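Structure file final.txt (compact mmCIF, C-alpha atoms) follows.
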# COMPACT_ATOMS: atom_id res chain seq x y z
CA MET H 1 31.68 -33.81 120.11
CA VAL H 2 32.52 -35.38 116.74
CA HIS H 3 30.24 -35.23 113.71
CA PRO H 4 31.38 -37.69 111.02
CA ASP H 5 30.74 -36.09 107.62
CA LEU H 6 30.13 -39.21 105.54
CA ARG H 7 31.17 -38.69 101.93
CA GLY H 8 30.32 -40.62 98.77
CA ALA H 9 28.06 -43.66 98.97
CA ALA H 10 28.19 -43.70 102.78
CA GLY H 11 26.55 -40.28 102.94
CA ALA H 12 24.00 -40.84 100.19
CA GLY H 13 20.59 -39.47 101.10
CA ARG H 14 21.89 -37.03 103.71
CA THR H 15 20.72 -33.50 102.98
CA ARG H 16 21.75 -31.76 106.20
CA ASP H 17 24.52 -29.21 106.36
CA PRO H 18 27.30 -30.78 108.51
CA ALA H 19 27.81 -27.55 110.49
CA THR H 20 24.10 -27.43 111.36
CA ARG H 21 24.15 -31.08 112.39
CA LEU H 22 27.16 -30.43 114.62
CA ASP H 23 25.41 -27.47 116.26
CA GLU H 24 22.36 -29.66 116.88
CA ALA H 25 24.51 -32.38 118.44
CA VAL H 26 26.17 -29.84 120.73
CA GLY H 27 22.70 -28.63 121.73
CA LEU H 28 21.67 -32.19 122.56
CA ALA H 29 24.73 -32.59 124.79
CA ARG H 30 24.11 -29.30 126.57
CA ALA H 31 20.48 -30.32 127.11
CA ILE H 32 21.77 -32.73 129.78
CA HIS H 33 24.25 -30.21 131.15
CA LEU H 34 27.41 -31.59 129.55
CA ASP H 35 30.28 -29.13 129.16
CA VAL H 36 31.34 -29.37 125.52
CA VAL H 37 35.03 -28.44 125.46
CA ALA H 38 35.56 -29.20 121.75
CA ALA H 39 33.40 -29.93 118.73
CA GLU H 40 34.44 -30.63 115.17
CA ILE H 41 33.42 -32.14 111.85
CA VAL H 42 35.52 -35.10 110.70
CA PRO H 43 35.34 -35.99 106.99
CA VAL H 44 34.85 -39.73 106.42
CA SER H 45 35.28 -40.86 102.81
CA LYS H 46 35.17 -44.57 103.65
CA PRO H 47 33.79 -45.72 107.02
CA ARG H 48 36.10 -48.13 108.88
CA PRO H 49 34.32 -51.26 110.17
CA GLY H 50 36.26 -51.16 113.42
CA THR H 51 36.13 -47.45 114.32
CA LEU H 52 33.97 -45.66 111.69
CA LEU H 53 36.59 -42.88 111.61
CA GLY H 54 39.92 -43.13 109.83
CA GLY H 55 43.06 -44.15 111.74
CA GLY H 56 44.62 -40.68 111.55
CA ALA H 57 41.48 -39.01 112.89
CA VAL H 58 41.22 -41.52 115.75
CA GLU H 59 44.85 -40.87 116.75
CA ARG H 60 44.56 -37.07 116.48
CA LEU H 61 41.32 -36.95 118.49
CA GLY H 62 42.83 -39.27 121.07
CA THR H 63 45.61 -36.73 121.67
CA LEU H 64 43.07 -33.90 122.07
CA ILE H 65 40.97 -36.00 124.45
CA ALA H 66 44.00 -36.78 126.59
CA ASP H 67 45.22 -33.16 126.61
CA ASP H 68 41.79 -31.78 127.63
CA GLU H 69 41.16 -34.66 130.07
CA VAL H 70 37.84 -35.36 128.38
CA GLY H 71 35.56 -37.80 130.22
CA VAL H 72 32.98 -38.47 127.50
CA ALA H 73 33.36 -38.44 123.73
CA ILE H 74 30.16 -38.28 121.66
CA VAL H 75 30.07 -39.43 118.04
CA ASP H 76 27.09 -37.89 116.22
CA ASN H 77 26.31 -41.05 114.29
CA HIS H 78 25.26 -44.62 114.96
CA LEU H 79 28.11 -46.78 116.26
CA SER H 80 28.12 -50.54 116.28
CA PRO H 81 29.08 -52.19 119.61
CA VAL H 82 32.50 -53.08 118.14
CA GLN H 83 33.13 -49.52 116.95
CA GLN H 84 32.10 -48.11 120.30
CA ARG H 85 34.36 -50.52 122.21
CA ASN H 86 37.36 -49.87 119.94
CA LEU H 87 37.03 -46.10 120.23
CA GLU H 88 36.80 -46.36 124.01
CA ARG H 89 40.02 -48.36 124.07
CA ALA H 90 41.77 -45.93 121.72
CA TRP H 91 40.63 -42.81 123.56
CA SER H 92 40.59 -44.16 127.13
CA CYS H 93 37.24 -42.50 127.88
CA LYS H 94 33.55 -43.29 127.62
CA VAL H 95 32.15 -43.08 124.09
CA ILE H 96 28.47 -42.79 123.24
CA ASP H 97 26.79 -42.39 119.88
CA ARG H 98 23.83 -40.26 118.81
CA THR H 99 21.33 -42.92 119.84
CA GLY H 100 22.88 -43.21 123.30
CA LEU H 101 22.87 -39.43 123.71
CA ILE H 102 19.18 -39.12 122.85
CA LEU H 103 18.30 -42.00 125.17
CA GLU H 104 20.28 -40.30 127.94
CA ILE H 105 18.26 -37.10 127.48
CA PHE H 106 14.98 -38.99 127.56
CA GLY H 107 16.09 -40.87 130.67
CA GLU H 108 16.68 -37.58 132.48
CA ARG H 109 13.53 -35.81 131.27
CA ALA H 110 10.79 -38.44 131.54
CA ARG H 111 8.51 -37.57 134.46
CA THR H 112 5.43 -39.79 134.23
CA ARG H 113 5.54 -43.45 135.20
CA GLU H 114 4.73 -44.44 131.63
CA GLY H 115 7.50 -42.28 130.22
CA GLN H 116 10.02 -43.76 132.65
CA LEU H 117 8.99 -47.30 131.73
CA GLN H 118 9.30 -46.52 128.03
CA VAL H 119 12.73 -44.93 128.45
CA GLU H 120 14.00 -47.89 130.46
CA LEU H 121 12.71 -50.31 127.84
CA ALA H 122 14.45 -48.34 125.09
CA HIS H 123 17.68 -48.20 127.13
CA LEU H 124 17.74 -51.94 127.71
CA SER H 125 16.84 -52.81 124.12
CA TYR H 126 19.74 -50.63 122.98
CA GLN H 127 22.21 -51.90 125.56
CA ARG H 128 21.47 -55.60 125.24
CA SER H 129 24.30 -56.04 122.73
CA ARG H 130 26.62 -53.58 124.47
CA LEU H 131 26.64 -54.49 128.15
CA VAL H 132 27.89 -58.05 128.01
CA ARG H 133 31.70 -58.36 127.83
CA SER H 134 32.06 -54.66 126.98
CA TRP H 135 34.84 -54.42 129.55
CA THR H 136 37.21 -56.97 131.04
CA HIS H 137 37.65 -55.43 134.48
CA LEU H 138 35.26 -54.07 137.07
CA GLU H 139 36.47 -50.49 137.24
CA ARG H 140 35.47 -49.70 133.65
CA GLN H 141 32.32 -51.77 133.41
CA ARG H 142 29.16 -49.84 132.56
CA GLY H 143 26.13 -49.35 134.72
CA GLY H 144 22.73 -50.80 133.91
CA LEU H 145 20.73 -47.88 132.51
CA GLY H 146 22.95 -44.83 132.02
CA PHE H 147 25.87 -44.21 129.69
CA ILE H 148 27.59 -41.28 131.35
CA GLY H 149 27.46 -42.13 135.08
CA GLY H 150 30.38 -43.37 137.14
CA PRO H 151 31.66 -46.94 137.38
CA GLY H 152 29.48 -49.52 139.01
CA GLU H 153 26.53 -47.22 139.68
CA THR H 154 23.80 -49.74 138.72
CA GLN H 155 23.75 -53.52 138.21
CA ILE H 156 27.44 -54.03 137.50
CA GLU H 157 27.19 -57.74 136.67
CA ILE H 158 24.05 -57.62 134.54
CA ASP H 159 23.90 -60.18 131.73
CA ARG H 160 21.67 -60.97 128.76
CA ARG H 161 19.32 -63.19 130.72
CA LEU H 162 18.61 -60.52 133.33
CA ILE H 163 18.14 -57.88 130.66
CA GLY H 164 15.71 -60.12 128.79
CA GLU H 165 13.72 -60.78 131.95
CA ARG H 166 13.58 -57.06 132.73
CA ILE H 167 12.48 -56.22 129.17
CA ALA H 168 9.68 -58.80 129.38
CA HIS H 169 8.56 -57.34 132.74
CA LEU H 170 8.59 -53.79 131.35
CA ARG H 171 6.53 -54.81 128.34
CA LYS H 172 3.90 -56.31 130.60
CA GLN H 173 3.75 -53.08 132.61
CA LEU H 174 3.50 -51.00 129.45
CA ASP H 175 0.72 -53.25 128.15
CA ALA H 176 -1.22 -52.46 131.33
CA VAL H 177 -0.54 -48.74 130.86
CA THR H 178 -1.68 -48.97 127.24
CA ARG H 179 -4.94 -50.61 128.30
CA THR H 180 -5.50 -47.82 130.84
CA ARG H 181 -4.87 -45.18 128.17
CA GLU H 182 -7.37 -46.92 125.90
CA LEU H 183 -9.98 -46.72 128.65
CA HIS H 184 -9.31 -43.00 128.89
CA ARG H 185 -9.67 -42.65 125.12
CA ALA H 186 -12.93 -44.60 125.21
CA ALA H 187 -14.23 -42.19 127.86
CA ARG H 188 -13.25 -39.25 125.65
CA ARG H 189 -15.05 -40.81 122.69
CA ARG H 190 -18.26 -40.78 124.74
CA VAL H 191 -17.76 -37.04 125.05
CA PRO H 192 -16.33 -36.78 121.57
CA TYR H 193 -14.27 -33.62 121.60
CA PRO H 194 -11.94 -33.69 118.59
CA ILE H 195 -8.23 -34.16 119.38
CA VAL H 196 -5.72 -31.75 117.85
CA ALA H 197 -2.12 -32.95 118.19
CA LEU H 198 0.91 -30.68 117.95
CA VAL H 199 3.91 -32.40 116.39
CA GLY H 200 7.21 -31.08 115.16
CA TYR H 201 10.97 -31.14 115.36
CA THR H 202 12.38 -30.70 118.83
CA ASN H 203 12.70 -27.05 119.84
CA ALA H 204 10.30 -25.94 117.09
CA GLY H 205 8.15 -24.19 119.71
CA LYS H 206 5.34 -26.71 120.30
CA SER H 207 5.16 -26.21 124.07
CA THR H 208 5.33 -22.41 123.72
CA LEU H 209 2.46 -22.55 121.21
CA PHE H 210 0.55 -24.91 123.52
CA ASN H 211 0.94 -22.46 126.42
CA GLN H 212 -0.04 -19.48 124.28
CA ALA H 213 -3.20 -21.22 123.02
CA THR H 214 -4.38 -22.77 126.30
CA ALA H 215 -2.85 -20.50 128.97
CA ALA H 216 -1.10 -23.59 130.36
CA ASP H 217 2.28 -23.63 132.10
CA VAL H 218 4.08 -26.47 130.31
CA LEU H 219 7.87 -26.09 130.49
CA SER H 220 9.05 -24.27 127.38
CA GLN H 221 12.71 -23.36 126.93
CA ASP H 222 15.08 -22.72 124.04
CA MET H 223 16.42 -26.23 124.50
CA LEU H 224 16.25 -29.52 122.63
CA PHE H 225 13.76 -31.94 124.20
CA ALA H 226 12.68 -29.47 126.91
CA THR H 227 9.50 -31.51 127.43
CA LEU H 228 8.86 -35.21 126.86
CA ASP H 229 5.63 -36.31 128.52
CA PRO H 230 2.46 -35.49 126.57
CA THR H 231 0.11 -32.86 127.96
CA MET H 232 -3.56 -32.32 127.06
CA ARG H 233 -5.80 -29.29 127.64
CA GLY H 234 -9.21 -28.12 126.47
CA LEU H 235 -9.26 -25.35 123.88
CA THR H 236 -12.16 -23.30 122.54
CA LEU H 237 -11.97 -22.47 118.83
CA PRO H 238 -13.39 -19.28 117.24
CA SER H 239 -16.57 -21.15 116.24
CA GLY H 240 -17.21 -21.98 119.90
CA ARG H 241 -16.41 -25.68 119.50
CA THR H 242 -14.24 -27.32 122.16
CA VAL H 243 -11.26 -29.47 121.19
CA ILE H 244 -8.56 -31.27 123.15
CA LEU H 245 -5.10 -29.91 122.33
CA SER H 246 -2.24 -32.39 122.84
CA ASP H 247 1.42 -31.39 123.15
CA THR H 248 3.67 -34.32 122.21
CA VAL H 249 7.37 -35.12 122.38
CA GLY H 250 9.52 -33.48 119.72
CA PHE H 251 11.09 -35.46 116.90
CA VAL H 252 14.69 -35.35 115.76
CA SER H 253 16.63 -36.62 112.77
CA ASP H 254 17.83 -40.22 113.11
CA LEU H 255 15.43 -40.78 116.00
CA PRO H 256 16.44 -44.15 117.48
CA HIS H 257 14.20 -47.00 116.37
CA GLU H 258 14.23 -48.27 119.96
CA LEU H 259 12.70 -44.99 121.04
CA VAL H 260 10.05 -44.90 118.32
CA ALA H 261 8.96 -48.42 119.29
CA ALA H 262 9.04 -47.78 123.02
CA PHE H 263 7.13 -44.50 122.79
CA ARG H 264 4.47 -45.84 120.46
CA ALA H 265 1.94 -45.88 123.33
CA THR H 266 2.57 -42.19 124.08
CA LEU H 267 2.52 -41.25 120.42
CA GLU H 268 -0.80 -43.01 119.97
CA GLU H 269 -2.29 -39.61 120.82
CA VAL H 270 -0.95 -38.51 117.44
CA MET H 271 -2.31 -41.63 115.74
CA GLU H 272 -5.76 -40.99 117.28
CA ALA H 273 -5.80 -37.26 116.50
CA ASP H 274 -8.52 -35.78 114.31
CA VAL H 275 -6.19 -32.97 113.24
CA ILE H 276 -2.38 -32.91 113.27
CA VAL H 277 -0.66 -29.53 113.42
CA HIS H 278 2.97 -29.63 112.32
CA VAL H 279 4.82 -26.87 114.17
CA ARG H 280 7.84 -25.80 112.11
CA ASP H 281 10.74 -23.49 112.95
CA VAL H 282 10.93 -21.33 109.81
CA SER H 283 13.92 -19.46 111.25
CA SER H 284 16.06 -22.62 111.02
CA PRO H 285 18.24 -23.03 107.93
CA ASP H 286 17.31 -26.73 108.03
CA ALA H 287 13.54 -26.13 108.09
CA GLU H 288 12.83 -28.25 105.00
CA ALA H 289 15.05 -31.14 106.14
CA GLN H 290 13.40 -31.05 109.58
CA LYS H 291 9.99 -31.22 107.91
CA GLN H 292 11.05 -34.38 106.07
CA ASP H 293 12.34 -35.93 109.32
CA VAL H 294 9.05 -35.29 111.12
CA GLU H 295 6.98 -36.66 108.27
CA GLN H 296 9.18 -39.77 108.15
CA VAL H 297 8.58 -40.49 111.85
CA LEU H 298 4.84 -39.95 111.37
CA ARG H 299 4.87 -42.49 108.55
CA GLU H 300 6.67 -44.96 110.84
CA LEU H 301 3.87 -44.44 113.36
CA GLY H 302 1.28 -45.40 110.75
CA VAL H 303 -0.27 -42.00 109.96
CA GLY H 304 1.15 -41.72 106.44
CA GLU H 305 -2.34 -41.20 105.01
CA LYS H 306 -2.78 -38.03 107.06
CA VAL H 307 0.66 -36.83 105.96
CA ASP H 308 -0.21 -37.44 102.31
CA ALA H 309 -3.56 -35.67 102.74
CA GLY H 310 -1.74 -32.61 104.08
CA LEU H 311 -1.09 -31.47 107.64
CA ILE H 312 -1.77 -28.02 109.00
CA GLU H 313 1.64 -26.32 109.15
CA ALA H 314 2.24 -23.70 111.85
CA LEU H 315 5.20 -21.75 110.45
CA ASN H 316 6.56 -20.68 113.81
CA LYS H 317 9.26 -18.26 115.03
CA THR H 318 8.51 -15.52 112.51
CA ASP H 319 9.52 -13.11 115.29
CA ARG H 320 13.13 -14.21 114.71
CA LEU H 321 13.02 -13.16 111.07
CA ASP H 322 13.65 -9.69 109.68
CA ALA H 323 10.93 -7.92 107.71
CA GLU H 324 12.26 -9.14 104.35
CA ALA H 325 12.41 -12.79 105.49
CA ARG H 326 8.89 -12.59 106.97
CA ALA H 327 7.63 -11.25 103.64
CA ARG H 328 9.27 -14.18 101.84
CA VAL H 329 7.61 -16.68 104.19
CA ALA H 330 4.22 -15.03 103.70
CA ALA H 331 4.67 -15.05 99.92
CA ALA H 332 5.74 -18.72 99.93
CA VAL H 333 2.54 -19.85 101.66
CA ARG H 334 0.74 -21.86 98.99
CA ASP H 335 -2.42 -22.81 100.89
CA ARG H 336 -3.45 -20.41 103.63
CA THR H 337 -5.94 -22.94 104.95
CA ARG H 338 -3.04 -25.33 105.59
CA GLN H 339 -0.01 -23.07 106.20
CA VAL H 340 -0.11 -20.33 108.82
CA PRO H 341 2.86 -18.04 109.64
CA LEU H 342 2.89 -17.20 113.35
CA SER H 343 4.95 -16.47 116.44
CA ALA H 344 4.17 -18.61 119.46
CA VAL H 345 6.07 -16.15 121.68
CA THR H 346 4.10 -13.04 120.72
CA GLY H 347 0.83 -14.75 119.75
CA ASP H 348 0.87 -13.10 116.33
CA GLY H 349 -0.95 -15.38 113.86
CA LEU H 350 -2.47 -17.62 116.58
CA ASP H 351 -6.03 -16.63 115.65
CA ASP H 352 -5.31 -17.58 112.03
CA LEU H 353 -4.11 -21.01 113.18
CA LEU H 354 -7.22 -21.59 115.28
CA ARG H 355 -9.41 -20.64 112.32
CA ALA H 356 -7.48 -23.09 110.11
CA ILE H 357 -8.11 -25.86 112.67
CA ASP H 358 -11.79 -24.85 112.74
CA ARG H 359 -12.04 -25.06 108.95
CA THR H 360 -10.37 -28.46 108.85
CA LEU H 361 -12.72 -29.89 111.46
CA SER H 362 -15.77 -28.31 109.81
CA ALA H 363 -14.90 -29.93 106.50
CA GLY H 364 -15.76 -33.30 107.99
CA ARG H 365 -19.10 -32.20 109.48
CA VAL H 366 -22.52 -33.04 108.11
CA ALA H 367 -25.36 -30.55 107.72
CA LEU H 368 -28.83 -31.40 109.05
CA ASP H 369 -32.22 -29.70 108.66
CA LEU H 370 -34.24 -30.19 111.87
CA ASP H 371 -37.79 -29.36 112.97
CA LEU H 372 -37.84 -29.33 116.80
CA ASP H 373 -40.64 -28.90 119.31
CA ALA H 374 -40.45 -25.28 120.47
CA ALA H 375 -40.77 -26.49 124.09
CA ASP H 376 -37.68 -28.72 123.81
CA GLY H 377 -35.10 -26.19 124.91
CA ALA H 378 -32.72 -28.91 126.11
CA THR H 379 -32.13 -30.38 122.66
CA LEU H 380 -31.86 -26.92 121.12
CA ALA H 381 -29.30 -25.86 123.73
CA TRP H 382 -27.28 -29.02 123.10
CA ILE H 383 -27.27 -28.31 119.36
CA TYR H 384 -25.86 -24.85 120.00
CA ARG H 385 -23.19 -26.28 122.30
CA ARG H 386 -22.08 -29.10 120.04
CA GLY H 387 -22.78 -27.84 116.55
CA GLU H 388 -22.67 -24.84 114.25
CA VAL H 389 -26.14 -23.40 113.66
CA LEU H 390 -26.30 -22.14 110.08
CA ASP H 391 -29.94 -21.01 110.00
CA ARG H 392 -32.96 -20.81 112.35
CA HIS H 393 -36.65 -20.03 111.86
CA ASP H 394 -39.10 -19.98 114.81
CA ALA H 395 -42.81 -20.79 114.40
CA ASP H 396 -45.59 -21.11 117.01
CA ALA H 397 -44.99 -24.77 117.83
CA THR H 398 -41.75 -25.68 116.07
CA VAL H 399 -38.24 -24.39 115.55
CA HIS H 400 -36.53 -25.09 112.22
CA VAL H 401 -32.73 -25.13 112.41
CA ARG H 402 -30.04 -25.98 109.92
CA VAL H 403 -27.01 -27.20 111.85
CA ARG H 404 -23.59 -28.63 111.04
CA LEU H 405 -22.43 -31.45 113.38
CA ASP H 406 -19.57 -33.88 113.69
CA PRO H 407 -20.63 -37.33 112.38
CA PRO H 408 -20.72 -38.92 115.90
CA ASP H 409 -22.96 -36.10 117.19
CA ALA H 410 -25.18 -36.32 114.11
CA GLU H 411 -25.68 -40.03 114.79
CA ARG H 412 -26.52 -39.34 118.44
CA LEU H 413 -29.04 -36.72 117.41
CA HIS H 414 -30.67 -39.12 114.96
CA ARG H 415 -30.98 -41.68 117.76
CA ARG H 416 -32.39 -38.98 120.02
CA LEU H 417 -35.06 -38.03 117.51
CA LYS H 418 -36.32 -41.59 117.20
CA PRO H 419 -39.23 -42.62 119.48
CA GLY H 420 -37.83 -43.77 122.81
CA GLY H 421 -34.45 -42.24 122.07
CA GLU H 422 -32.38 -40.80 124.89
CA LEU H 423 -29.57 -38.28 125.00
CA SER H 424 -27.15 -37.68 127.88
CA GLU H 425 -24.28 -35.22 128.21
CA ASP H 426 -21.83 -38.11 127.97
CA ASP H 427 -23.81 -39.23 125.03
CA THR H 428 -25.44 -35.75 124.85
CA LEU H 429 -28.25 -34.54 127.22
CA THR H 430 -28.86 -35.84 130.73
CA GLY H 431 -32.29 -37.36 131.33
CA ALA H 432 -34.05 -35.64 128.44
CA ALA H 433 -37.37 -37.01 127.28
CA PRO H 434 -37.92 -37.87 123.62
CA VAL H 435 -38.66 -34.88 121.43
CA ALA H 436 -42.33 -34.94 120.49
CA GLY H 437 -42.77 -34.47 116.79
CA ALA H 438 -39.14 -33.67 116.08
CA THR H 439 -37.93 -34.66 112.65
CA ALA H 440 -34.59 -34.69 110.91
CA HIS H 441 -34.37 -34.13 107.19
CA GLY H 442 -31.06 -35.94 106.83
CA PRO H 443 -27.47 -34.99 106.16
CA SER H 444 -26.56 -32.94 103.14

Now, as a test, write the supplied structure out as structure tokens.
Amino acid sequence: MVHPDLRGAAGAGRTRDPATRLDEAVGLARAIHLDVVAAEIVPVSKPRPGTLLGGGAVERLGTLIADDEVGVAIVDNHLSPVQQRNLERAWSCKVIDRTGLILEIFGERARTREGQLQVELAHLSYQRSRLVRSWTHLERQRGGLGFIGGPGETQIEIDRRLIGERIAHLRKQLDAVTRTRELHRAARRRVPYPIVALVGYTNAGKSTLFNQATAADVLSQDMLFATLDPTMRGLTLPSGRTVILSDTVGFVSDLPHELVAAFRATLEEVMEADVIVHVRDVSSPDAEAQKQDVEQVLRELGVGEKVDAGLIEALNKTDRLDAEARARVAAAVRDRTRQVPLSAVTGDGLDDLLRAIDRTLSAGRVALDLDLDAADGATLAWIYRRGEVLDRHDADATVHVRVRLDPPDAERLHRRLKPGGELSEDDTLTGAAPVAGATAHGPS
């Protein structure tokens, strides 16, 4: 594992500590069960067009690779096809870059049909410029989808035309999947439970928090990219309102553009979310840099407005901090309605997070004053299920309630209160008759 530490103009804009980046790269390799026999940081003052690394470094690493009989060398940076090919010739082993490593992990972890299609599309988009004429003899030619597998394992003689045809076919399949997902979203809009999406850097603890909040059994391990496919569960907040909690794939610095584009359909759950919770690992020395990476990916997905407005931040893994560090985190919290220290493992602080989500959702609700027929228990029950009753006064024939509702539910209730209106559970109450004499005094 080689992390090129780009110096000068080449490294402008990089804020990460090289040692931390190297540790992360080693973790990525171990996530697909590679045995890392050596890892080091290589200073690069001036990137070489042909190899990225300097000639002396290439020669020295080549000797180490030969002595340790290394089968795969990973460069924790983007490599051009020419650089990758030249390093493979110099080192006589397979060479993959950071993009290839991340794609390899996703290829192994994707479980759903959609995820597998998206990974294959990303693989082929990345490999289109690398497969053709990469090698001059059969024994060393790459396979079709993997980077690490043995010679000739898949589609040895693939060419640009076949790759292009396969990419076009995959895009058609993904378009069909996207349309299906939109139908599912449309069904959810008819029963408009708000969507709360968990996002964050990989291994920040999203799946552990998801399990703690919903009593689900999503795979959660101390491993980079432990889960890829999105999972959704119902969750009841302290106010009694039901939301849909979505656990999404983790982000990582320098996330391949091919992957962001290919996984746009999956990440649409984030784009559609009413509330985004950014789960952060406050025990990481790179916590601030990871935050910037996550926000950058969110902006690429088109949710920059929500980022600018302020996300709810779950400051996770406080259980890994000593008492003094926990006190510093608590003191650094500027907005307790937006930043919540917690431990997803122990559950400490989870109630505070749920209350913060509740407050955020309530901020967008409208308040209505309603006079209902005392005999119309169905509408009253629905109001209690779907809204927050602020005040109630019962008279002989009417019930006056002041209720706070989400805008879609407020609109449905207004339609219900009109003569001839109808409310179903999908659209509110099943088969209820119009409310005689009910009036709404408007939002405030």

Counting all atoms listed in the file, I want the residues whose atoms come within 8 Å of (-0.3, -28.4, 113.9) in the file frame, returned as a list in words.
Val196, Ala197, Leu198, Val199, Val275, Ile276, Val277, His278, Val279, Leu311, Ile312, Glu313 and Ala314 of chain H

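At a cut-off of 12 Å from (13.2, -56.4, 133.7), the residue set is Leu117, Glu120, Leu121, Ala122, His123, Leu124, Ser125, Arg128, Gly144, Leu145, Gln155, Ile158, Asp159, Arg160, Arg161, Leu162, Ile163, Gly164, Glu165, Arg166, Ile167, Ala168, His169, Leu170, Arg171, Lys172, Gln173 and Leu174 of chain H (counting all atoms listed in the file).
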
Selection near stretch 68-78 of chain H, 7 Å with all atoms listed in the file, sequence-local residues under 2 positions removed, as a PyMOL selection string
chain H and resi 1-4+25+64-66+80+93-99

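Of the residues listed (H:Ile357, H:Gly27, H:Val399, H:Asp5), H:Asp5 shows the shortest atom-to-atom separation from H:Lys46; distances use all atoms listed in the file.
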
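If you look at atom CA of H:Arg385 and atom CA of H:Leu350, they are 23.2 Å away from each other.
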
Pick from H:Ala331, H:Val401, H:Val44, H:Ala325 nearest to H:Leu372, counting only C-alpha atoms
H:Val401

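Within the 12 Å cut-off around H:Asp254, using all atoms listed in the file and omitting residues fewer than 4 positions from it on the same chain, the listed residues are Arg14, Arg16, Arg21, Ala25, Asp76, Asn77, His78, Asp97, Arg98, Thr99, Gly100, Leu101, Ile102, Tyr201, Glu258, Leu259, Val260, Ala289, Gln290, Gln292, Asp293, Val294, Gln296 and Val297 of chain H.
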
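Nearest-residue note for H:Trp382: choosing from H:Ala397, H:Val249, H:Ala367, H:Leu413, the minimum distance belongs to H:Leu413, counting all atoms listed in the file.
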
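Atom CA of H:Val82 is positioned 9.9 Å from atom CA of H:Leu52.
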
Residues within 12 Å of stretch 209-211 of chain H, please, as a ChimeraX atom specification. Count only C-alpha atoms; anything in the same chain fewer than 4 positions from it doesn't count.
/H:196-200,203-205,215-221,227,230-235,244-248,277-281,314-317,342-351,353-354

Show which residues sit within 9 Å of H:Ser239, as a VMD selection string. Count all atoms listed in the file, and ignore same-chain residues fewer than 3 positions away.
chain H and resid 236 242 355 358 388

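Between atom CA of H:Gly56 and atom CA of H:Gln127 the interatomic distance comes to 28.7 Å.
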
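Of the listed residues H:Glu300, H:Gln339, H:Arg109, H:Pro18, the one whose atoms come nearest to H:Ala39 is H:Pro18, with distances taken using all atoms listed in the file.
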
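Distances to H:Val282 were evaluated for H:Arg365, H:Val333, H:Glu295, H:Gly304 using all atoms listed in the file, and the minimum falls at H:Val333.
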
Find the residues of stretch 264-383 of chain H that sit at most 10 Å from stretch 402-407 of chain H; for each, write down the nearest two atoms and how far apart they are in Å, to one decimal. Count only C-alpha atoms. Sort by chain, then by number going up, and give it as JSON lines.
{"residue": "H:Leu361", "atom": "CA", "partner": "H:Asp406", "partner_atom": "CA", "distance": 8.2}
{"residue": "H:Ser362", "atom": "CA", "partner": "H:Asp406", "partner_atom": "CA", "distance": 7.8}
{"residue": "H:Ala363", "atom": "CA", "partner": "H:Asp406", "partner_atom": "CA", "distance": 9.4}
{"residue": "H:Gly364", "atom": "CA", "partner": "H:Asp406", "partner_atom": "CA", "distance": 6.9}
{"residue": "H:Arg365", "atom": "CA", "partner": "H:Asp406", "partner_atom": "CA", "distance": 4.6}
{"residue": "H:Val366", "atom": "CA", "partner": "H:Arg404", "partner_atom": "CA", "distance": 5.4}
{"residue": "H:Ala367", "atom": "CA", "partner": "H:Arg404", "partner_atom": "CA", "distance": 4.2}
{"residue": "H:Leu368", "atom": "CA", "partner": "H:Val403", "partner_atom": "CA", "distance": 5.4}
{"residue": "H:Asp369", "atom": "CA", "partner": "H:Arg402", "partner_atom": "CA", "distance": 4.5}
{"residue": "H:Leu370", "atom": "CA", "partner": "H:Arg402", "partner_atom": "CA", "distance": 6.3}
{"residue": "H:Asp371", "atom": "CA", "partner": "H:Arg402", "partner_atom": "CA", "distance": 9.0}
{"residue": "H:Ile383", "atom": "CA", "partner": "H:Val403", "partner_atom": "CA", "distance": 7.6}

If you count all atoms listed in the file, the residue of H:Ile32, H:Asp391, H:Ala410, H:Glu272 closest to H:Gly107 turns out to be H:Ile32
